[in-house]
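Trainee: mmCIF, C-alpha atoms, file input_19.cif:
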data_data
loop_
_atom_site.label_atom_id
_atom_site.label_comp_id
_atom_site.auth_asym_id
_atom_site.auth_seq_id
_atom_site.Cartn_x
_atom_site.Cartn_y
_atom_site.Cartn_z
CA MET A 161 67.13 109.46 127.57
CA ALA A 162 67.96 113.08 127.81
CA LEU A 163 65.28 115.54 127.01
CA MET A 164 65.80 118.33 124.55
CA ARG A 165 65.71 121.80 125.98
CA VAL A 166 62.56 123.16 124.44
CA ASN A 167 59.64 125.31 125.47
CA PRO A 168 56.55 123.20 126.05
CA THR A 169 54.36 125.00 123.57
CA ARG A 170 52.00 123.81 120.91
CA MET A 171 54.24 125.32 118.22
CA GLU A 172 57.19 123.36 119.46
CA LEU A 173 55.11 120.20 119.58
CA THR A 174 54.11 120.45 115.92
CA ARG A 175 57.70 121.16 114.95
CA LEU A 176 59.01 118.15 116.83
CA LYS A 177 56.35 115.88 115.42
CA LYS A 178 57.41 116.89 111.94
CA ARG A 179 61.03 116.23 112.80
CA LEU A 180 60.17 112.83 114.18
CA ASN A 181 58.43 111.93 110.95
CA VAL A 182 61.43 112.98 108.90
CA ALA A 183 63.76 111.07 111.17
CA ARG A 184 61.67 107.92 110.90
CA ARG A 185 61.59 108.14 107.13
CA GLY A 186 65.31 108.82 106.94
CA HIS A 187 65.97 105.90 109.22
CA LYS A 188 63.98 103.55 107.05
CA LEU A 189 65.68 104.74 103.88
CA LEU A 190 69.16 104.50 105.34
CA LYS A 191 68.43 101.06 106.65
CA ASP A 192 67.40 99.94 103.19
CA LYS A 193 70.54 101.49 101.78
CA ARG A 194 72.68 99.70 104.32
CA ASP A 195 71.09 96.34 103.57
CA GLU A 196 71.51 96.74 99.85
CA LEU A 197 75.10 97.92 100.20
CA MET A 198 75.84 94.96 102.38
CA LYS A 199 74.40 92.59 99.81
CA LYS A 200 76.48 94.13 97.03
CA PHE A 201 79.56 94.18 99.22
CA LEU A 202 79.36 90.54 100.20
CA GLU A 203 78.94 89.50 96.59
CA LEU A 204 81.92 91.59 95.62
CA VAL A 205 84.18 90.54 98.41
CA ARG A 206 83.54 86.88 97.81
CA THR A 207 84.66 87.12 94.19
CA ASN A 208 87.47 89.36 95.33
CA LYS A 209 88.78 86.65 97.62
CA GLU A 210 88.64 84.01 94.92
CA LEU A 211 90.31 86.30 92.40
CA ARG A 212 93.07 87.18 94.80
CA GLU A 213 93.82 83.55 95.47
CA LYS A 214 93.98 82.95 91.75
CA VAL A 215 96.17 85.97 91.04
CA GLU A 216 98.57 85.15 93.83
CA GLU A 217 98.95 81.67 92.50
CA MET A 218 99.53 82.96 88.97
CA LEU A 219 102.07 85.49 90.17
CA MET A 220 103.97 82.79 91.99
CA THR A 221 104.22 80.90 88.71
CA VAL A 222 105.49 84.06 87.07
CA HIS A 223 108.09 84.52 89.78
CA ARG A 224 109.15 80.92 89.42
CA ASN A 225 109.56 81.33 85.69
CA PHE A 226 111.60 84.47 86.16
CA LEU A 227 113.76 82.70 88.66
CA ILE A 228 114.55 80.04 86.10
CA ALA A 229 115.15 82.66 83.44
CA ARG A 230 117.55 84.42 85.78
CA ALA A 231 119.32 81.18 86.47
CA VAL A 232 120.09 80.46 82.84
CA MET A 233 121.00 84.02 81.90
CA SER A 234 123.37 86.48 83.45
CA SER A 235 121.53 89.19 85.34
CA GLU A 236 123.18 91.88 83.22
CA SER A 237 121.90 90.48 79.97
CA LEU A 238 118.48 89.91 81.54
CA GLU A 239 118.31 93.50 82.61
CA ALA A 240 119.59 94.68 79.28
CA ALA A 241 116.91 92.65 77.54
CA LEU A 242 114.17 94.24 79.61
CA MET A 243 115.64 97.71 79.71
CA PHE A 244 113.44 99.27 77.05
CA PRO A 245 109.94 97.90 77.07
CA LYS A 246 108.16 97.73 73.78
CA GLN A 247 104.77 97.33 75.26
CA SER A 248 103.14 100.07 77.25
CA VAL A 249 99.92 99.89 79.18
CA SER A 250 97.70 102.84 79.83
CA LEU A 251 94.55 102.86 81.86
CA GLU A 252 91.25 104.43 81.08
CA VAL A 253 89.45 105.14 84.31
CA SER A 254 85.74 105.68 84.57
CA THR A 255 83.48 105.37 87.55
CA LYS A 256 80.44 103.31 88.20
CA ASN A 257 77.81 104.25 90.72
CA VAL A 258 76.99 101.45 93.13
CA MET A 259 74.41 102.67 95.64
CA SER A 260 75.79 106.22 95.49
CA VAL A 261 79.36 105.02 95.93
CA ASP A 262 81.61 105.88 93.02
CA VAL A 263 83.69 102.81 92.33
CA PRO A 264 86.44 102.84 89.73
CA VAL A 265 86.21 100.90 86.49
CA LEU A 266 89.56 100.27 84.88
CA GLU A 267 90.01 99.61 81.23
CA TYR A 268 93.47 99.01 79.98
CA LYS A 269 94.90 99.64 76.57
CA THR A 270 98.15 98.17 75.38
CA SER A 271 100.23 99.91 72.79
CA SER A 272 100.72 96.85 70.64
CA PRO A 273 97.48 95.01 69.99
CA ASP A 274 99.12 91.67 69.34
CA ASP A 275 99.76 89.58 72.42
CA THR A 276 102.76 87.87 70.88
CA ASP A 277 104.38 91.16 69.96
CA ILE A 278 105.44 92.15 73.45
CA TYR A 279 108.99 90.92 73.68
CA PRO A 280 111.28 93.94 73.81
CA TYR A 281 114.41 92.06 72.76
CA GLY A 282 115.82 90.01 69.96
CA PHE A 283 115.54 86.29 70.49
CA ALA A 284 119.18 85.63 69.69
CA ALA A 285 120.76 86.68 72.95
CA THR A 286 118.07 85.64 75.38
CA SER A 287 116.84 82.35 76.67
CA ALA A 288 113.52 80.70 75.94
CA GLU A 289 112.75 80.72 79.65
CA LEU A 290 112.56 84.49 79.64
CA ASP A 291 110.05 84.41 76.81
CA GLY A 292 107.95 82.00 78.80
CA ALA A 293 108.14 84.13 81.91
CA ILE A 294 107.07 87.27 80.10
CA GLY A 295 104.33 85.37 78.33
CA THR A 296 102.85 84.17 81.62
CA LEU A 297 103.14 87.62 83.11
CA SER A 298 101.28 89.17 80.23
CA ASN A 299 98.53 86.60 80.74
CA VAL A 300 98.19 87.69 84.35
CA LEU A 301 97.72 91.32 83.35
CA PRO A 302 93.93 91.34 82.86
CA TYR A 303 93.39 89.46 86.11
CA ILE A 304 95.66 91.63 88.16
CA LEU A 305 93.90 94.74 86.88
CA GLU A 306 90.52 93.29 87.68
CA LEU A 307 91.83 92.53 91.13
CA ALA A 308 92.88 96.14 91.59
CA GLN A 309 89.47 97.37 90.52
CA MET A 310 87.65 94.92 92.74
CA GLU A 311 89.77 95.47 95.79
CA LYS A 312 89.42 99.24 95.57
CA SER A 313 85.65 98.91 95.16
CA ALA A 314 85.51 96.67 98.21
CA GLN A 315 87.44 99.21 100.26
CA LEU A 316 85.22 102.07 99.18
CA LEU A 317 82.03 100.10 99.77
CA ALA A 318 83.25 99.05 103.20
CA GLU A 319 83.82 102.67 104.09
CA GLU A 320 80.35 103.67 102.91
CA ILE A 321 78.72 100.81 104.81
CA GLU A 322 80.49 101.86 107.98
CA LYS A 323 79.28 105.43 107.53
CA THR A 324 75.70 104.39 106.77
CA ARG A 325 75.60 102.04 109.73
CA ARG A 326 76.69 104.83 112.04
CA ARG A 327 73.94 107.05 110.73
CA VAL A 328 71.30 104.35 111.08
CA ASN A 329 72.36 103.67 114.65
CA ALA A 330 72.47 107.35 115.55
CA LEU A 331 68.93 107.79 114.28
CA GLU A 332 67.62 104.59 115.81
CA TYR A 333 69.15 104.83 119.25
CA VAL A 334 69.61 108.56 119.81
CA MET A 335 67.57 110.85 117.60
CA ILE A 336 64.25 109.01 117.47
CA PRO A 337 64.00 108.09 121.19
CA GLN A 338 64.97 111.62 122.11
CA LEU A 339 62.29 113.12 119.91
CA GLU A 340 59.67 110.72 121.20
CA GLU A 341 60.58 111.50 124.78
CA THR A 342 60.42 115.23 124.20
CA ILE A 343 57.08 115.00 122.43
CA LYS A 344 55.70 113.03 125.32
CA TYR A 345 57.04 115.59 127.76
CA ILE A 346 55.43 118.47 125.91
CA THR A 347 52.08 116.70 125.59
CA MET A 348 52.04 115.96 129.30
CA LYS A 349 52.99 119.51 130.16
CA LEU A 350 50.23 120.91 127.93
CA ASP A 351 47.67 118.52 129.40
CA GLU A 352 48.73 119.52 132.85
CA ASN A 353 48.28 123.19 132.00
CA GLU A 354 44.85 122.41 130.60
CA ARG A 355 43.78 120.65 133.77
CA GLY A 356 45.20 123.46 135.89
CA ASN A 357 43.21 125.95 133.89
CA LEU A 358 40.01 123.93 134.22
CA THR A 359 40.34 123.62 137.97
CA ARG A 360 40.98 127.32 138.23
CA LEU A 361 37.85 128.11 136.22
CA MET A 362 35.72 125.80 138.36
CA LYS A 363 37.09 127.39 141.49
CA VAL A 364 36.38 130.90 140.18
CA LYS A 365 32.86 129.85 139.22
CA ASP A 366 32.25 128.51 142.73
CA MET A 367 33.49 131.75 144.22
CA MET A 368 31.28 133.79 141.91
CA ILE A 369 28.22 131.72 142.81
CA GLU A 370 29.04 132.16 146.49
CA GLN A 371 29.35 135.94 146.03
CA ALA A 372 26.05 136.11 144.15
CA ARG A 373 24.27 134.14 146.86
CA GLN A 374 25.61 136.47 149.58
CA ALA A 375 24.47 139.51 147.59
CA MET A 376 20.94 138.03 147.30
CA ASN A 377 20.76 137.37 151.03
CA GLU A 378 21.56 140.93 151.95
CA MET B 171 95.34 108.66 80.73
CA PHE B 172 96.51 106.81 83.78
CA LYS B 173 99.56 104.68 84.40
CA ILE B 174 100.28 101.59 86.44
CA GLY B 175 103.14 101.55 88.90
CA VAL B 176 104.94 98.69 90.59
CA ILE B 177 107.05 99.07 93.72
CA GLY B 178 109.20 96.30 95.11
CA ASP B 179 112.58 94.69 95.16
CA LYS B 180 114.28 94.59 91.79
CA ASP B 181 114.21 90.86 91.29
CA SER B 182 110.48 90.57 91.89
CA ILE B 183 109.30 93.35 89.66
CA LEU B 184 111.70 93.42 86.75
CA GLY B 185 109.34 91.46 84.55
CA PHE B 186 106.52 93.94 84.98
CA LYS B 187 108.55 96.39 82.98
CA ALA B 188 108.28 94.16 79.96
CA VAL B 189 104.48 94.28 80.00
CA GLY B 190 104.50 98.04 80.06
CA MET B 191 104.11 99.06 83.69
CA SER B 192 106.37 101.61 85.37
CA VAL B 193 108.61 99.85 87.85
CA PHE B 194 110.24 101.47 90.86
CA PRO B 195 112.86 99.17 92.35
CA VAL B 196 113.53 99.85 96.02
CA THR B 197 115.76 98.18 98.56
CA THR B 198 114.33 99.42 101.85
CA PRO B 199 110.74 99.93 103.01
CA PHE B 200 111.56 103.54 103.75
CA GLU B 201 112.54 104.11 100.14
CA GLY B 202 109.32 102.40 99.12
CA GLN B 203 107.33 104.78 101.29
CA GLU B 204 108.98 107.81 99.75
CA ILE B 205 108.33 106.61 96.23
CA LEU B 206 104.76 105.62 97.06
CA GLU B 207 104.01 109.05 98.45
CA LYS B 208 105.57 110.67 95.43
CA ILE B 209 103.84 108.68 92.71
CA ALA B 210 100.48 108.59 94.50
CA GLU B 211 100.22 112.29 93.67
CA GLU B 212 100.99 111.67 90.02
CA ASN B 213 98.58 110.07 87.60
CA TYR B 214 98.91 106.50 88.68
CA ALA B 215 95.55 104.79 89.01
CA VAL B 216 96.91 101.51 90.29
CA ILE B 217 100.08 100.91 92.26
CA TYR B 218 101.15 97.36 92.95
CA ILE B 219 103.50 96.93 95.83
CA THR B 220 105.22 93.73 96.89
CA GLU B 221 104.21 92.41 100.26
CA HIS B 222 107.75 92.45 101.57
CA VAL B 223 107.84 96.21 101.11
CA ALA B 224 104.19 96.70 102.03
CA LYS B 225 104.45 95.02 105.42
CA ASP B 226 106.51 97.83 106.91
CA ILE B 227 104.58 100.77 105.48
CA VAL B 228 101.01 99.69 106.17
CA GLN B 229 100.16 103.08 107.67
CA THR B 230 101.13 104.92 104.52
CA ILE B 231 99.11 102.49 102.43
CA ASP B 232 96.05 102.82 104.67
CA LYS B 233 96.16 106.55 104.13
CA TYR B 234 95.07 106.01 100.54
CA SER B 235 92.39 103.42 101.20
CA ASP B 236 89.57 105.98 101.45
CA ARG B 237 90.57 107.81 98.32
CA ARG B 238 89.32 106.75 94.95
CA PHE B 239 92.82 106.86 93.42
CA PRO B 240 95.31 105.39 93.51
CA ALA B 241 94.36 101.82 94.30
CA ILE B 242 97.28 100.31 96.16
CA ILE B 243 97.32 96.55 95.81
CA PRO B 244 99.79 94.30 97.59
CA ILE B 245 101.13 91.43 95.50
CA PRO B 246 103.37 88.54 96.53
CA SER B 247 107.07 89.01 95.87
CA ASN B 248 109.35 86.28 94.63
CA GLN B 249 109.94 85.17 98.21
CA GLY B 250 106.38 84.02 98.51
CA SER B 251 103.15 85.43 99.83
CA LEU B 252 102.92 86.86 103.33
CA GLY B 253 99.14 86.96 103.32
CA ILE B 254 99.02 90.74 103.51
CA GLY B 255 96.83 91.05 100.45
CA MET B 256 94.34 88.60 101.92
CA SER B 257 94.36 90.38 105.24
CA GLY B 258 93.44 93.56 103.37
CA VAL B 259 90.34 91.87 102.02
CA LYS B 260 89.63 90.59 105.49
CA LYS B 261 90.03 94.05 106.92
CA SER B 262 87.41 95.54 104.62
CA VAL B 263 85.02 92.73 105.52
CA GLU B 264 85.54 93.43 109.19
CA ARG B 265 85.02 97.11 108.62
CA ALA B 266 81.77 96.62 106.76
CA VAL B 267 80.20 93.73 108.60
CA GLY B 268 81.75 94.21 112.02
CA ALA B 269 82.87 90.61 112.14
CA ASP B 270 84.90 88.36 109.95
CA ILE B 271 82.45 86.19 108.10
CA LEU B 272 84.49 85.14 105.09
CA PHE B 273 87.55 83.59 106.62
CA ARG B 274 85.98 82.08 109.68
CA ASP B 275 86.39 78.51 108.59
CA GLU B 276 90.11 78.86 107.94
#
Before anything else, please render the file you have as structure tokens.

Mentor:
Amino acid sequence: MALMRVNPTRMELTRLKKRLNVARRGHKLLKDKRDELMKKFLELVRTNKELREKVEEMLMTVHRNFLIARAVMSSESLEAALMFPKQSVSLEVSTKNVMSVDVPVLEYKTSSPDDTDIYPYGFAATSAELDGAIGTLSNVLPYILELAQMEKSAQLLAEEIEKTRRRVNALEYVMIPQLEETIKYITMKLDENERGNLTRLMKVKDMMIEQARQAMNE
Amino acid sequence: MFKIGVIGDKDSILGFKAVGMSVFPVTTPFEGQEILEKIAEENYAVIYITEHVAKDIVQTIDKYSDRRFPAIIPIPSNQGSLGIGMSGVKKSVERAVGADILFRDE
């Protein structure tokens, strides 16, 4: 592991030790965040999968019904019947915070509150099959919106997990080992200086004693 | 107040108009891409797009996956499901976990 380019001083050592502590704490926190995110994500994505299967199946029924409706009516009159929708849907979007990820919460409002009051045409000129098709489609509406909400949340959570995992790994495998290594390097360097100093002092003392002895002899 | 958009071939999405969504019939994927890029900037919170259109403009769709809005959701068209919607779920699992753990048994 590469060393950081630092001066081996006591100041630097204290600074690095502080940084190591922060890094360790951050690493622990991020790891917890990652685990919790993962738990939430897996829960979400499992229901997401089931819901998607269900919605796809429902939509296929809707398409089948429309196909039949189209078969018994001319496409012009079908289009004319659906030209001006009576119903309109608007979405109210708020956000929910899941482990610091803002996920959307969709609430839909329909303009006509009555579920049976959605047919934008008179019943005289259209077939019963079309009514059925639109009825099934309007039943799918809540599910398909929930699917949208869930799928978007899953995407956003996945992104956040990826980011957090990168950070955890960077701390665990790069930052922390590097700091440890550098701290060790500085400690060794300081110890070495200390020993060097000690030896020098002993040597000087020896020399001084020798000088004193010579002076006494003369 | 946000709206819901639907992009796809006319036959598949006509019915969505009746339940109050804004439909954008397209005939080619390129057209779909243009419309998607246009309405993504407007106040659409959810855009459904049929898989037959979605399969050729995956890159454009992926562009919006990190943004909070709009949510672009592939749905099966009247020619059946291509499994693109499912693969989107699978993709986010792979991104988060690093391996596919949901669909392994299939």

Trainee: Hey, could you make a per-residue contact list for chain A against chain B with 6 Å as the cut-off, showing the nearest pair of atoms and its distance in Å to one decimal, counting all atoms listed in the file, sorted by chain and number, as a Markdown table?

Mentor:
| residue | atom | partner | partner_atom | distance |
| --- | --- | --- | --- | --- |
| A:His223 | CA | B:Asn248 | CA | 5.3 |
| A:Leu242 | CA | B:Ala188 | CA | 5.9 |
| A:Pro245 | CA | B:Ala188 | CA | 5.0 |
| A:Gln247 | CA | B:Gly190 | CA | 4.9 |
| A:Ser248 | CA | B:Gly190 | CA | 3.7 |
| A:Val249 | CA | B:Gly190 | CA | 5.0 |
| A:Ser250 | CA | B:Lys173 | CA | 5.3 |
| A:Leu251 | CA | B:Phe172 | CA | 4.8 |
| A:Glu252 | CA | B:Met171 | CA | 5.9 |
| A:Lys312 | CA | B:Ala241 | CA | 5.7 |
| A:Gln315 | CA | B:Ser262 | CA | 5.7 |
| A:Ala318 | CA | B:Ala266 | CA | 4.6 |
| A:Ile321 | CA | B:Ala266 | CA | 5.5 |
| A:Glu322 | CA | B:Ala266 | CA | 5.5 |

Trainee: Applied to this file, what does the PyMOL selection byres ((chain B and resi 178) around 9) return in terms of residues, put as number ranges by chain?

Mentor: B: 176-177, 179-183, 193-197, 199, 202, 218-224, 247

Trainee: Pick from B:Lys225, B:Ser257, B:Leu252, B:Tyr234: nearest to Leu206 in chain B, with only C-alpha atoms counted?

Mentor: B:Tyr234

Trainee: What does the distance from CA of Leu163 in chain A to CA of Gly186 in chain A come to in Å, to one decimal?

Mentor: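 CA of Leu163 in chain A sits 21.2 Å away from CA of Gly186 in chain A.
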
Trainee: To one decimal in Å, tell me the separation between CA of His187 in chain A and CA of Pro168 in chain A.

Mentor: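 Taking CA of His187 in chain A as the start and CA of Pro168 in chain A as the end point, the length is 25.9 Å.
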
Trainee: How would you write, as a PyMOL selection string, the residues chosen by the PyMOL selection byres ((chain A and resi 172) around 12) on this structure?

Mentor: chain A and resi 164-171+173-179+339+342-347+350

Trainee: Just need range 221-247 of chain B in a file, please: N, CA and C atoms, as a compact mmCIF listing (two decimals), in the first residue's frame.

Mentor:
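Listed below is the output, result.txt:
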# COMPACT_ATOMS: atom_id res chain seq x y z
N GLU B 221 -43.45 -1.95 -24.95
CA GLU B 221 -42.14 -2.60 -25.07
C GLU B 221 -41.64 -2.62 -26.51
N HIS B 222 -42.57 -2.65 -27.46
CA HIS B 222 -42.14 -2.70 -28.85
C HIS B 222 -41.47 -1.41 -29.27
N VAL B 223 -41.87 -0.31 -28.66
CA VAL B 223 -41.18 0.96 -28.92
C VAL B 223 -39.93 1.04 -28.04
N ALA B 224 -40.08 0.59 -26.79
CA ALA B 224 -39.00 0.75 -25.81
C ALA B 224 -37.75 -0.02 -26.21
N LYS B 225 -37.92 -1.14 -26.89
CA LYS B 225 -36.76 -2.01 -27.13
C LYS B 225 -35.69 -1.35 -28.00
N ASP B 226 -36.09 -0.37 -28.80
CA ASP B 226 -35.09 0.26 -29.67
C ASP B 226 -34.55 1.57 -29.11
N ILE B 227 -35.12 2.05 -28.02
CA ILE B 227 -34.63 3.32 -27.48
C ILE B 227 -34.24 3.18 -26.01
N VAL B 228 -33.64 2.02 -25.71
CA VAL B 228 -33.26 1.74 -24.32
C VAL B 228 -32.32 2.81 -23.77
N GLN B 229 -31.41 3.28 -24.62
CA GLN B 229 -30.43 4.28 -24.15
C GLN B 229 -31.11 5.55 -23.69
N THR B 230 -32.09 5.98 -24.46
CA THR B 230 -32.81 7.20 -24.07
C THR B 230 -33.54 6.98 -22.76
N ILE B 231 -34.10 5.79 -22.59
CA ILE B 231 -34.86 5.51 -21.37
C ILE B 231 -33.92 5.46 -20.16
N ASP B 232 -32.76 4.84 -20.36
CA ASP B 232 -31.80 4.73 -19.26
C ASP B 232 -31.34 6.10 -18.76
N LYS B 233 -31.36 7.06 -19.68
CA LYS B 233 -30.94 8.40 -19.32
C LYS B 233 -31.76 8.94 -18.16
N TYR B 234 -33.02 8.52 -18.09
CA TYR B 234 -33.90 9.08 -17.06
C TYR B 234 -33.97 8.22 -15.80
N SER B 235 -33.23 7.13 -15.79
CA SER B 235 -33.41 6.19 -14.67
C SER B 235 -32.86 6.75 -13.37
N ASP B 236 -31.88 7.66 -13.43
CA ASP B 236 -31.33 8.21 -12.19
C ASP B 236 -32.07 9.45 -11.72
N ARG B 237 -32.96 9.94 -12.56
CA ARG B 237 -33.70 11.14 -12.15
C ARG B 237 -34.98 10.72 -11.44
N ARG B 238 -35.43 11.60 -10.56
CA ARG B 238 -36.62 11.24 -9.80
C ARG B 238 -37.85 11.22 -10.71
N PHE B 239 -37.94 12.19 -11.63
CA PHE B 239 -39.05 12.21 -12.58
C PHE B 239 -38.52 12.42 -13.96
N PRO B 240 -39.18 11.93 -14.95
CA PRO B 240 -40.33 11.05 -14.90
C PRO B 240 -39.93 9.59 -14.68
N ALA B 241 -40.86 8.80 -14.21
CA ALA B 241 -40.64 7.36 -14.15
C ALA B 241 -41.10 6.78 -15.47
N ILE B 242 -40.18 6.14 -16.17
CA ILE B 242 -40.54 5.56 -17.46
C ILE B 242 -40.71 4.06 -17.30
N ILE B 243 -41.91 3.59 -17.54
CA ILE B 243 -42.24 2.21 -17.25
C ILE B 243 -42.64 1.50 -18.53
N PRO B 244 -41.91 0.47 -18.93
CA PRO B 244 -42.33 -0.30 -20.09
C PRO B 244 -43.54 -1.18 -19.79
N ILE B 245 -44.47 -1.21 -20.70
CA ILE B 245 -45.64 -2.09 -20.54
C ILE B 245 -45.77 -2.94 -21.80
N PRO B 246 -46.38 -4.11 -21.70
CA PRO B 246 -46.54 -4.93 -22.89
C PRO B 246 -47.50 -4.29 -23.89
N SER B 247 -47.22 -4.43 -25.16
CA SER B 247 -48.14 -3.92 -26.16
C SER B 247 -49.12 -5.03 -26.51
